[in-house]
>>> print(open('work-v3.csv').read())   # CSV, C-alpha atoms
chain,number,residue,atom,x,y,z
A,947,MET,CA,107.0,107.2,119.8
A,948,ALA,CA,106.2,103.5,120.0
A,949,ILE,CA,102.6,102.1,120.2
A,950,GLU,CA,101.3,100.5,123.4
A,951,SER,CA,99.0,97.7,123.9
A,952,MET,CA,96.0,98.1,126.3
A,953,THR,CA,96.7,94.8,128.1
A,954,GLY,CA,99.3,94.5,130.9
A,955,PHE,CA,99.9,93.8,134.5
A,956,ALA,CA,102.1,95.3,137.2
A,957,ARG,CA,102.7,94.9,140.9
A,958,ALA,CA,104.7,96.8,143.5
A,959,ALA,CA,104.9,96.1,147.2
A,960,GLY,CA,106.7,97.2,150.3
A,961,THR,CA,106.7,97.6,154.1
A,962,VAL,CA,106.8,100.5,156.5
A,963,GLY,CA,107.3,99.4,160.1
A,964,ILE,CA,104.5,97.1,161.1
A,965,HIS,CA,102.5,97.9,157.9
A,966,ALA,CA,102.7,96.2,154.5
A,967,TRP,CA,101.3,97.5,151.3
A,968,ALA,CA,100.9,96.2,147.7
A,969,TRP,CA,99.6,97.9,144.5
A,970,GLU,CA,98.3,95.7,141.7
A,971,ILE,CA,97.1,97.1,138.3
A,972,ARG,CA,95.5,94.9,135.6
A,973,SER,CA,94.9,96.6,132.2
A,974,VAL,CA,92.5,95.3,129.5
A,975,ASN,CA,91.0,96.6,126.3
A,976,GLY,CA,88.5,99.5,126.5
A,977,ARG,CA,86.8,102.0,124.2
A,978,GLY,CA,88.1,104.8,126.4
A,979,LEU,CA,90.0,105.2,129.7
A,980,ASP,CA,88.1,103.5,132.6
A,981,ILE,CA,89.9,103.5,135.9
A,982,ARG,CA,88.5,101.4,138.8
A,983,VAL,CA,90.3,101.7,142.1
A,984,ARG,CA,89.8,99.7,145.3
A,985,VAL,CA,91.5,100.8,148.5
A,986,PRO,CA,90.9,99.9,152.2
A,987,PRO,CA,88.5,102.2,154.1
A,988,GLY,CA,90.1,105.3,155.4
A,989,PHE,CA,92.6,105.5,152.5
A,990,GLU,CA,90.4,107.2,149.9
A,991,VAL,CA,93.0,109.9,149.4
A,992,LEU,CA,95.3,107.3,147.9
A,993,ALA,CA,92.6,106.2,145.5
A,994,GLU,CA,92.3,109.8,144.2
A,995,ALA,CA,96.0,110.0,143.8
A,996,ALA,CA,96.0,106.8,141.8
A,997,ARG,CA,93.2,108.0,139.5
A,998,LYS,CA,95.0,111.3,138.8
A,999,ARG,CA,98.3,109.6,138.1
A,1000,LEU,CA,96.8,107.0,135.8
A,1001,THR,CA,94.8,109.6,133.9
A,1002,GLY,CA,98.0,111.4,133.1
A,1003,ALA,CA,99.8,108.2,132.1
A,1004,PHE,CA,97.3,106.4,129.8
A,1005,ALA,CA,94.9,107.3,127.1
A,1006,ARG,CA,92.8,104.1,126.7
A,1007,GLY,CA,92.1,100.9,128.5
A,1008,THR,CA,90.1,99.5,131.5
A,1009,LEU,CA,92.4,99.6,134.5
A,1010,HIS,CA,91.6,97.6,137.6
A,1011,VAL,CA,93.7,99.0,140.5
A,1012,ASN,CA,93.8,97.4,143.9
A,1013,LEU,CA,95.7,98.5,147.0
A,1014,GLN,CA,96.1,96.1,149.9
A,1015,ILE,CA,97.3,97.3,153.4
A,1016,THR,CA,98.0,94.9,156.2
A,1017,SER,CA,99.4,95.4,159.7
A,1018,ASP,CA,101.2,93.1,162.3
A,1019,ALA,CA,99.7,95.1,165.1
A,1020,GLY,CA,97.3,92.3,166.0
A,1021,PRO,CA,93.5,92.1,165.8
A,1022,PRO,CA,91.4,95.3,166.0
A,1023,ARG,CA,90.9,96.4,169.6
A,1024,PRO,CA,87.4,97.5,170.9
A,1025,ARG,CA,87.2,101.1,171.8
A,1026,ILE,CA,84.3,102.8,173.7
A,1027,ASN,CA,83.1,106.0,172.2
A,1028,GLU,CA,82.9,107.9,175.5
A,1029,ALA,CA,81.3,111.0,174.0
A,1030,ALA,CA,78.4,108.9,172.5
A,1031,LEU,CA,78.0,107.0,175.8
A,1032,ALA,CA,77.9,110.3,177.8
A,1033,GLY,CA,75.3,111.7,175.5
A,1034,LEU,CA,73.1,108.6,176.0
A,1035,LEU,CA,73.4,108.9,179.8
A,1036,GLN,CA,72.5,112.6,179.7
A,1037,ALA,CA,69.5,111.9,177.5
A,1038,ILE,CA,68.3,109.1,179.8
A,1039,ALA,CA,68.6,111.3,182.9
A,1040,ARG,CA,66.2,113.8,181.3
A,1041,LEU,CA,63.5,111.2,180.9
A,1042,PRO,CA,60.7,111.1,183.5
A,1043,ALA,CA,61.1,108.3,186.0
A,1044,SER,CA,58.8,105.3,185.6
A,1045,ASP,CA,58.3,102.1,187.7
A,1046,ALA,CA,57.5,100.3,184.4
A,1047,VAL,CA,60.9,100.9,182.9
A,1048,ARG,CA,64.1,99.5,184.4
A,1049,PRO,CA,67.1,101.8,184.6
A,1050,PRO,CA,69.6,101.2,181.8
A,1051,SER,CA,72.5,98.8,182.3
A,1052,TYR,CA,75.9,99.2,180.9
A,1053,ASP,CA,75.7,96.0,178.9
A,1054,GLY,CA,72.6,97.3,177.2
A,1055,LEU,CA,74.2,100.7,176.5
A,1056,LEU,CA,77.3,99.1,175.1
A,1057,GLY,CA,75.2,97.1,172.7
A,1058,ILE,CA,73.9,100.2,171.0
A,1059,ARG,CA,75.5,100.8,167.6
A,1060,GLY,CA,78.3,103.4,167.7
A,1061,VAL,CA,79.1,103.2,171.4
A,1062,VAL,CA,81.6,100.4,171.0
A,1063,GLU,CA,83.9,100.6,167.9
A,1064,LEU,CA,86.7,98.5,166.6
A,1065,ALA,CA,89.8,100.5,166.1
A,1066,GLU,CA,90.5,100.8,162.4
A,1067,GLU,CA,93.6,102.2,160.6
A,1068,SER,CA,94.0,105.7,162.0
A,1069,GLU,CA,95.0,108.9,160.4
A,1070,ASP,CA,98.4,108.4,162.0
A,1071,THR,CA,98.8,105.2,160.0
A,1072,LEU,CA,98.0,107.0,156.8
A,1073,THR,CA,100.6,109.7,157.7
A,1074,VAL,CA,103.2,107.0,158.2
A,1075,ILE,CA,102.6,105.0,155.0
A,1076,GLU,CA,101.4,107.7,152.6
A,1077,ALA,CA,104.8,108.7,151.1
A,1078,PRO,CA,106.1,105.2,150.5
A,1079,VAL,CA,102.7,104.0,149.1
A,1080,LEU,CA,102.6,106.9,146.7
A,1081,ALA,CA,106.2,106.1,145.6
A,1082,GLY,CA,105.0,102.5,145.1
A,1083,LEU,CA,102.2,103.9,143.0
A,1084,GLU,CA,104.7,105.6,140.7
A,1085,SER,CA,106.7,102.4,140.5
A,1086,VAL,CA,103.6,100.3,139.5
A,1087,VAL,CA,102.5,102.8,136.9
A,1088,LEU,CA,105.9,102.8,135.3
A,1089,GLY,CA,105.8,99.0,135.4
A,1090,LEU,CA,102.4,98.9,133.7
A,1091,LYS,CA,103.7,101.3,131.0
A,1092,GLU,CA,106.6,99.0,130.4
A,1093,ALA,CA,104.4,95.9,130.2
A,1094,ARG,CA,102.0,97.7,127.7
A,1095,ALA,CA,105.0,98.9,125.7
A,1096,GLY,CA,106.4,95.4,125.5
A,1097,GLU,CA,103.0,94.1,124.2
A,1098,GLY,CA,102.9,97.1,121.8
A,1099,ARG,CA,106.2,96.2,120.3
A,1100,ALA,CA,104.9,92.7,119.6
A,1101,LEU,CA,101.7,94.1,118.2
A,1102,GLU,CA,103.6,96.4,115.9
A,1103,ALA,CA,105.6,93.5,114.5
A,1104,VAL,CA,102.3,91.5,113.9
A,1105,LEU,CA,100.6,94.5,112.2
A,1106,SER,CA,103.6,95.2,110.0
A,1107,GLY,CA,103.5,91.6,108.9
A,1108,HIS,CA,99.8,91.9,108.0
A,1109,LEU,CA,100.5,95.1,106.1
A,1110,ASP,CA,103.3,93.4,104.1
A,1111,THR,CA,100.8,90.6,103.2
A,1112,ILE,CA,98.1,93.1,102.2
A,1113,ALA,CA,100.6,95.1,100.0
A,1114,ARG,CA,101.7,91.8,98.3
A,1115,LEU,CA,98.2,90.7,97.6
A,1116,THR,CA,97.2,94.1,96.3
A,1117,THR,CA,100.2,94.1,93.9
A,1118,GLN,CA,99.2,90.6,92.8
A,1119,ALA,CA,95.6,91.8,92.1
A,1120,GLU,CA,97.0,94.8,90.2
A,1121,GLN,CA,99.2,92.6,88.0
A,1122,HIS,CA,96.7,89.8,87.5
A,1123,PRO,CA,96.1,89.0,83.8
A,1124,ALA,CA,92.3,88.8,84.4
A,1125,ARG,CA,92.1,92.6,85.0
A,1126,GLY,CA,93.6,93.5,81.7
A,1127,VAL,CA,91.4,95.3,79.1
A,1128,ASP,CA,91.6,92.4,76.6
A,1129,ALA,CA,90.7,89.8,79.3
A,1130,ILE,CA,87.7,91.8,80.4
A,1131,ARG,CA,86.6,92.4,76.8
A,1132,GLU,CA,86.8,88.7,76.1
A,1133,ARG,CA,84.7,87.7,79.1
A,1134,ILE,CA,82.0,90.2,78.4
A,1135,ALA,CA,82.0,89.3,74.7
A,1136,ALA,CA,81.5,85.7,75.6
A,1137,GLN,CA,78.6,86.6,77.9
A,1138,VAL,CA,77.0,88.7,75.2
A,1139,ALA,CA,77.4,86.0,72.6
A,1140,ALA,CA,75.8,83.5,74.9
A,1141,LEU,CA,72.8,85.8,75.6
A,1142,LEU,CA,72.3,86.4,71.8
A,1143,GLU,CA,72.4,82.7,71.1
A,1144,ALA,CA,69.9,82.0,73.8
A,1145,SER,CA,67.4,84.7,72.6
A,1146,GLN,CA,67.3,86.3,69.1
A,1147,ALA,CA,64.8,88.9,70.5
A,1148,LEU,CA,67.5,90.7,72.4
A,1149,ASP,CA,68.8,94.0,70.8
A,1150,PRO,CA,72.5,93.5,70.0
A,1151,GLN,CA,73.2,97.3,70.2
A,1152,ARG,CA,71.6,97.5,73.6
A,1153,LEU,CA,73.5,94.5,74.8
A,1154,HIS,CA,76.8,96.0,73.8
A,1155,GLN,CA,76.0,99.3,75.7
A,1156,GLU,CA,75.3,97.3,78.8
A,1157,ALA,CA,78.5,95.3,78.2
A,1158,ALA,CA,80.4,98.6,78.1
A,1159,LEU,CA,78.9,99.6,81.5
A,1160,LEU,CA,79.8,96.2,82.9
A,1161,ALA,CA,83.4,96.7,81.7
A,1162,VAL,CA,83.6,100.0,83.6
A,1163,LYS,CA,82.1,98.4,86.8
A,1164,ALA,CA,84.5,95.5,86.5
A,1165,ASP,CA,87.6,97.7,86.7
A,1166,ILE,CA,89.2,97.5,90.2
A,1167,ARG,CA,91.7,100.3,89.6
A,1168,GLU,CA,90.1,102.5,92.3
A,1169,GLU,CA,90.1,99.7,94.9
A,1170,ILE,CA,93.8,98.9,94.2
A,1171,ASP,CA,94.8,102.6,94.5
A,1172,ARG,CA,92.9,103.0,97.8
A,1173,LEU,CA,94.5,99.8,99.2
A,1174,HIS,CA,97.9,101.1,98.3
A,1175,ALA,CA,97.1,104.4,100.0
A,1176,HIS,CA,95.7,102.8,103.1
A,1177,VAL,CA,98.9,100.7,103.4
A,1178,ALA,CA,101.0,103.8,103.2
A,1179,ALA,CA,98.8,105.6,105.7
A,1180,LEU,CA,98.9,102.8,108.2
A,1181,ARG,CA,102.7,102.4,108.0
A,1182,LEU,CA,103.0,106.1,108.7
A,1183,LEU,CA,100.8,105.8,111.8
A,1184,LEU,CA,102.9,102.9,113.1
A,1185,GLU,CA,106.0,105.1,112.6
A,1186,GLN,CA,104.4,108.0,114.5
A,1187,GLY,CA,103.2,105.7,117.4
A,1188,GLY,CA,101.4,107.0,120.4
A,1189,PRO,CA,97.7,106.4,121.2
A,1190,ILE,CA,96.6,105.6,117.6
A,1191,GLY,CA,94.2,102.7,118.2
A,1192,ARG,CA,91.1,104.5,117.0
A,1193,LYS,CA,92.8,105.6,113.8
A,1194,LEU,CA,94.0,102.1,113.2
A,1195,ASP,CA,90.5,100.7,113.7
A,1196,PHE,CA,89.1,103.2,111.2
A,1197,LEU,CA,91.7,102.3,108.6
A,1198,SER,CA,91.2,98.5,109.1
A,1199,GLN,CA,87.5,99.1,108.4
A,1200,GLU,CA,88.4,100.8,105.1
A,1201,PHE,CA,90.7,97.9,104.2
A,1202,GLY,CA,87.7,95.6,104.7
A,1203,ARG,CA,85.5,97.6,102.5
A,1204,GLU,CA,88.0,97.7,99.6
A,1205,ALA,CA,88.7,94.0,99.9
A,1206,SER,CA,85.0,93.2,99.8
A,1207,THR,CA,84.4,95.5,96.7
A,1208,LEU,CA,87.4,93.8,95.0
A,1209,CYS,CA,85.8,90.4,95.5
A,1210,ALA,CA,82.4,91.6,94.2
A,1211,LYS,CA,84.0,93.1,91.0
A,1212,ALA,CA,86.5,90.3,90.4
A,1213,GLY,CA,84.6,88.3,87.8
A,1214,ASP,CA,87.6,85.9,87.8
A,1215,ALA,CA,88.4,82.9,90.0
A,1216,GLY,CA,92.0,84.0,90.5
A,1217,LEU,CA,91.1,87.6,91.4
A,1218,SER,CA,88.4,86.2,93.7
A,1219,ARG,CA,90.9,84.1,95.6
A,1220,ILE,CA,93.2,87.2,96.1
A,1221,GLY,CA,90.2,89.1,97.3
A,1222,LEU,CA,89.2,86.4,99.8
A,1223,GLU,CA,92.8,86.3,101.1
A,1224,LEU,CA,92.8,90.0,101.5
A,1225,ARG,CA,89.6,89.9,103.5
A,1226,THR,CA,91.1,87.1,105.8
A,1227,VAL,CA,94.3,89.1,106.5
A,1228,VAL,CA,92.3,92.3,107.1
A,1229,ASP,CA,90.1,90.5,109.6
A,1230,GLN,CA,93.2,89.2,111.4
A,1231,MET,CA,94.7,92.6,111.4
A,1232,ARG,CA,91.5,94.2,112.8
A,1233,GLU,CA,91.5,91.7,115.7
A,1234,GLN,CA,95.0,92.8,116.7
A,1235,VAL,CA,94.2,96.5,116.2
A,1236,GLN,CA,91.6,96.2,119.0
A,1237,ASN,CA,94.4,95.8,121.5
A,1238,VAL,CA,96.3,99.0,120.5
A,1239,GLU,CA,95.9,102.0,122.8
>>> encode(input="work-v3.csv", output="structure tokens")
Amino acid sequence: MAIESMTGFARAAGTVGIHAWAWEIRSVNGRGLDIRVRVPPGFEVLAEAARKRLTGAFARGTLHVNLQITSDAGPPRPRINEAALAGLLQAIARLPASDAVRPPSYDGLLGIRGVVELAEESEDTLTVIEAPVLAGLESVVLGLKEARAGEGRALEAVLSGHLDTIARLTTQAEQHPARGVDAIRERIAAQVAALLEASQALDPQRLHQEAALLAVKADIREEIDRLHAHVAALRLLLEQGGPIGRKLDFLSQEFGREASTLCAKAGDAGLSRIGLELRTVVDQMREQVQNVE
């Protein structure tokens, strides 16, 4: 299974008689799955269908979904709500007569909210367009999956390149002459000699004990082993594919910790340069990992 990016865009449109519809979905990065759907009033059932379909198709990402429906039927026509008007007239008839109050006029009654309505898309319109619009939803979801899969293939190539660089730098650090036992011994011996020369009051035996501890701390064998293990684990994840973004993010953090520790232990300009290169590549890789589903 290939990996997918969380970024992508897809559009599907069509017509049914005098009605035209268009789905658009824009997908961006997200910590989880966040679906935001906008549909015209009266078509909320299509919004629920979109949420259900997208929830089954994607694991992560913020999805902005928009459905547009237009009609060539002309401008909305006013419609009198006769039931509401009749209710008003009956209520007025029950009021006591008064010379101080003029009888109601139709223009006044028609100005009351709810008596005159503008005809919106009716349930009949939903019945006509529902099936093709839902078919368009399926098309746009598949289009978005293909767009995210295409981005995912590009991401996988970039991440594999970063892994190759990390593996190469790790091997360079492992084989660097500065991490040999003799090289470490010479560096520490030189430091001890400098300290003894600077102050005769220092205990030579104590200094050599501290030097032995420093030699142990300067060994980067554990960091190198963990870096090799992380490279193998990340390659396996890429081969497995699927929604592995969170696992990749965790591993990239582990890469960063090992590279930082290697820099701190280096004690040699050459090893320090390798450690800094490692940290740079790891940071670049982590930026790309944020896009993986």
>>> atom_distance(input="work-v3.csv", atom1="CA of Val1177 (chain A)", atom2="CA of Gly1216 (chain A)")
22.2 Å
>>> residues_around(input="work-v3.csv", residues="region 1192-1194 of chain A", least_positions_apart="2", cutoff="9 Å", atoms="all atoms listed in the file", output="count of residues only")
15
>>> closest_residue(input="work-v3.csv", among="A:Gly1191, A:Ala995, A:Ala948, A:Tyr1052", to="Gly978 (chain A)", atoms="all atoms listed in the file")
A:Gly1191
>>> residues_around(input="work-v3.csv", residues="Ala1003 (chain A)", least_positions_apart="2", cutoff="10 Å", atoms="all atoms listed in the file", output="short mmCIF file (atom, residue, chain, number, x, y, z; two decimals) with C-alpha atoms, in the coordinates of the input")
data_model
loop_
_atom_site.label_atom_id
_atom_site.label_comp_id
_atom_site.auth_asym_id
_atom_site.auth_seq_id
_atom_site.Cartn_x
_atom_site.Cartn_y
_atom_site.Cartn_z
CA ARG A 997 93.20 108.00 139.50
CA LYS A 998 95.00 111.30 138.80
CA ARG A 999 98.30 109.60 138.10
CA LEU A 1000 96.80 107.00 135.80
CA THR A 1001 94.80 109.60 133.90
CA ALA A 1005 94.90 107.30 127.10
CA ARG A 1006 92.80 104.10 126.70
CA VAL A 1087 102.50 102.80 136.90
CA LEU A 1088 105.90 102.80 135.30
CA LEU A 1090 102.40 98.90 133.70
CA LYS A 1091 103.70 101.30 131.00
#
>>> residues_near_point(input="work-v3.csv", point="(101.1, 93.9, 114.3)", cutoff="12 Å", atoms="only C-alpha atoms", output="ChimeraX atom specification")
/A:949-951,1097-1111,1180-1181,1184,1191,1194,1227-1228,1230-1238
>>> residues_around(input="work-v3.csv", residues="region 1059-1063 of chain A", least_positions_apart="2", cutoff="6 Å", atoms="all atoms listed in the file", output="ChimeraX atom specification")
/A:1024-1027,1030-1031,1056
